[in-house]
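To start, the structure itself, in structure tokens.
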Protein chains: 2
Amino acid sequence: MGGDHGPATVMGGADIALVRHPQIRFVIFGDEAALRPWLAKYPRVASACEVVHTEVAISMHDKPSQALRRGRKVSSMWCAIDAVKNGQAQAAVSAGNTGALMAMAKVILKMIPNVERPALAALWPTARGESVALDLGATVGADARQLVQFATMGEAFARVIFNLERPTVGLLNIGEEEVKGTEEVKAAAQMLRDTKLPMRFHGFVEGDDISKGTVDVVVTDGYTGNIALKTAEGMARLIIGFLREAMASSWTSKLGYLLASGAFKTLQSKLDPRASNGAVFLGLNGLVVKSHGGTDDVGFAAAIDVAVEVASADLVARIMADMERLKELAVLNGSEEIQIQESEAVLS
Amino acid sequence: MGGDHGPATVMGGADIALVRHPQIRFVIFGDEAALRPWLAKYPRVASACEVVHTEVAISMHDKPSQALRRGRKVSSMWCAIDAVKNGQAQAAVSAGNTGALMAMAKVILKMIPNVERPALAALWPTARGESVALDLGATVGADARQLVQFATMGEAFARVIFNLERPTVGLLNIGEEEVKGTEEVKAAAQMLRDTKLPMRFHGFVEGDDISKGTVDVVVTDGYTGNIALKTAEGMARLIIGFLREAMASSWTSKLGYLLASGAFKTLQSKLDPRASNGAVFLGLNGLVVKSHGGTDDVGFAAAIDVAVEVASADLVARIMADMERLKELAVLNGSEEIQIQESEAVLS
């Protein structure tokens, strides 16, 4: 029921996704009356789904706390996540309210042991193809330990989604030198260098390295990540607007545009935000994929693709194993810091 | 002597700037022998400048501390800033090492009273024209009070550079709602709303608002600002690369490109980073303009333009007056917080 276009996007997206993944089955939560015409329109979806009627739909403007109060156990969003918890579904996909989705997912699915907070991870188009970036705004700020957890989860996600054995991981910073940056990123870099994790840690990367594709996984806190993502989207929109304006400015440029229309289509498909739609909440004890609220059926199908890939590869189990190993490497249990504090206390 | 191309860029830029501002005079600090051929090449510059020979040039790789040790009183960078301090020049323009430039500027010029740290402010191309963004990386992180100082200085800069009486000011955040964001930006927004400053405070803006031109001044801390700037630059480069690739992909697209070459030139000039070159260190007791190290003479001339504009408008005096007013409005002297702490102490 979520997103700017509700069932139209979800049902159309399911129809497209079924062509690519004929083996998948859907459990669709929502208002049965609202869904009926779409089931008639998409017989392929109708024969591959079970519809569960829900009374309440979370609006895009509900605050997370309101959504939890109003939507607990009765909303389509709650029920879809609950289906992941009780094993009825392997992943939930929603185009709904991000804050509400995260709050409900945390309440229902709980966090993976040794992960302190969730991170929103998504694909970012680059000169080399695509990279994973996280956290894109699940939470605000992150300490060094949480950044190390994000790095570990992001690496697991990249292994699955890019089918890479050892993806490279970089920490987003304002310079490549070790002395630059916030205390949090400096300490996180130190931790990542010190651990014996089999991770290809590249070190710091800068803002322009994201689109260059310098590393497979770019790690940052949710505040910086969300601002970087939206700033990049804004810049892309500005340039495309300038390009459109320039091409319409004279009859020769219009003719040129027509001749090069194939090239412009290629460009458009490379920059199509629908292609990289589908962000995954990492760190939860179950898979929840967030589709952009404003996307269409093509974009929603891409988010379903992401869900299929991470569910088939059992991403949650992989992250659990990696977090367990990280804990064993004694980086995240805080023992070092406690020792330092104790010795300081002895000295003073 | 700074930047990737040394005197070539500086002298060529000075020549271009003199055409636009025939009234300006230069004091050029550097190795006399290295400058001589350029003085011969640019007679217009030669007749409008005084050359002061300096023995030491700060390299692009010197750490700020090294630069201060090695370059104190003897380097071209030090002497150029010192010329601002002793009134010989109204502004210093450098394409050199940013960290060294800021460290020296702080040591030589000192901070304006009531400003805790400097901010690097520059122009950002938008759908409406241009906006000011700060801090783009002078320091890492900023507390609420420092963000309010940045807002005040950025507004003064926008008044001067855009010739606007009351520019709009926005705080960069991950959502427009009051409940979102870091504690620092939330508290800064509260302070900006509470002050009786004659500032048009818009509230929060998101990353994509920068390129939209939603506000005239976008305020953020130096860590986020630097990452946002470089991420946007990276995205712009990626799109231009895709565009170039697409246009070269077939003979029809090549022909289309030729026909639309005027339009592509318009696009290129709109996105030319040289046009918005020249970032100002705000908060110092004197004007220092930082040119991009990799720019050419056209870009360096733009940085000189910025210096001319802010010097003619006496930006430092304006910022001083605004900071004085801000202090009088009792927002920055911490009296409110002290009262709250005291009453809590009484209660506990």
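Scheme for the structure tokens: letters A, B, ... for chains in order shown; per-chain residue numbers from 1; ligand numbers from 1 in order shown.
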- Message: Need the shell around range 150-160 of chain A: protein/DNA/RNA residues with any atom at most 9 Å away, counting only C-alpha atoms. Skip same-chain ones fewer than 4 positions apart. Format as a VMD selection string?
- Response: chain A and resid 115 117 to 119 121 131 to 135 145 to 146 164 to 171 192 199 216 to 221 280 282 to 283 309 to 310 313 to 315 318 to 319 322 to 323 326
- Query: Which residues, written as a list in words, have at least one atom at most 6 Å from range 65-82 of chain A, with only C-alpha atoms counted and residues fewer than 2 positions away on the same chain left out?
  - Reply: Phe29, Gly30, Thr54, Val56, Ala57, Asp62, Lys63, Val84, Lys85, Ala92 and Ala100 of chain A
- Determine which residues of range 69-145 of chain A DSSP labels as strand (DSSP E or B) from the backbone of this structure, then write them out as a PyMOL selection string. chain A and resi 75+91-94+111+119-126+129-134
Write out as a Markdown table a residue-level contact list of chain B versus chain A with cut-off 6 Å: for each qualifying residue the closest pair of atoms and the distance in Å to one decimal, counting only C-alpha atoms, rows sorted by chain and residue number upward.
```
| residue | atom | partner | partner_atom | distance |
| --- | --- | --- | --- | --- |
| B:Gly207 | CA | A:Thr231 | CA | 4.0 |
| B:Asp208 | CA | A:Gly234 | CA | 4.0 |
| B:Ser211 | CA | A:Gly234 | CA | 5.5 |
| B:Thr224 | CA | A:Thr224 | CA | 5.9 |
| B:Ile227 | CA | A:Gly207 | CA | 4.8 |
| B:Ala228 | CA | A:Ala228 | CA | 5.1 |
| B:Lys230 | CA | A:Gly207 | CA | 4.5 |
| B:Thr231 | CA | A:Gly207 | CA | 4.0 |
| B:Ala232 | CA | A:Ala232 | CA | 4.9 |
| B:Gly234 | CA | A:Asp208 | CA | 4.0 |
| B:Met235 | CA | A:Ser211 | CA | 5.7 |
| B:Ala246 | CA | A:Ala263 | CA | 4.7 |
| B:Met247 | CA | A:Ala263 | CA | 5.7 |
| B:Thr252 | CA | A:Leu259 | CA | 5.6 |
| B:Ser253 | CA | A:Ala260 | CA | 3.9 |
| B:Gly256 | CA | A:Gly256 | CA | 3.6 |
| B:Tyr257 | CA | A:Gly256 | CA | 6.0 |
| B:Leu259 | CA | A:Gly256 | CA | 4.8 |
| B:Ala260 | CA | A:Ser253 | CA | 3.9 |
| B:Ala263 | CA | A:Ala246 | CA | 4.7 |
```
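Close contacts of Ala46 in chain B, defined as residues with an atom at most 12 Å away when counting only C-alpha atoms, with chain neighbours fewer than 5 positions off set aside, comprise Met11, Gly12, Ala14, Asp15, Leu18, Arg25, Phe26, Val27, Ile28, Leu35, Arg36, Pro37, Trp38, Leu39, Ala40, Lys41 and Val51 of chain B.
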Please, could you write that set of residues out with C-alpha atoms as an mmCIF file, in the first residue's frame?
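So again_38.cif came out as:
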```
data_model
loop_
_atom_site.group_PDB
_atom_site.id
_atom_site.type_symbol
_atom_site.label_atom_id
_atom_site.label_comp_id
_atom_site.auth_asym_id
_atom_site.auth_seq_id
_atom_site.Cartn_x
_atom_site.Cartn_y
_atom_site.Cartn_z
ATOM 1 C CA MET B 11 50.469 35.018 -13.836
ATOM 2 C CA GLY B 12 48.046 34.033 -16.604
ATOM 3 C CA ALA B 14 46.382 37.863 -13.151
ATOM 4 C CA ASP B 15 46.515 38.897 -16.803
ATOM 5 C CA LEU B 18 43.350 42.781 -15.117
ATOM 6 C CA ARG B 25 47.386 46.051 -8.445
ATOM 7 C CA PHE B 26 49.260 42.890 -7.504
ATOM 8 C CA VAL B 27 52.045 42.137 -5.069
ATOM 9 C CA ILE B 28 53.439 38.845 -6.300
ATOM 10 C CA LEU B 35 58.585 34.670 -12.324
ATOM 11 C CA ARG B 36 60.760 36.629 -14.782
ATOM 12 C CA PRO B 37 59.717 34.829 -18.014
ATOM 13 C CA TRP B 38 56.059 35.243 -17.067
ATOM 14 C CA LEU B 39 56.498 38.956 -16.469
ATOM 15 C CA ALA B 40 57.959 39.174 -19.972
ATOM 16 C CA LYS B 41 55.024 37.209 -21.368
ATOM 17 C CA VAL B 51 57.407 41.308 -7.278
#
```
- Write out as a PyMOL selection string all residues of range 198-335 of chain A that DSSP puts in helix (DSSP H, G or I) for this structure's backbone. chain A and resi 207-212+222-247+251-259+261-271+297-312+315-328+335
- Task: Excluding Thr98 in chain B and any residue of its chain fewer than 2 positions from it, enumerate the residues within 12 Å of it, using only C-alpha atoms, and give them as a PyMOL selection string.
- Result: (chain A and resi 175) or (chain B and resi 2-3+58-64+67+77+93-96+100-105+120+136-139+278-281+288-293)
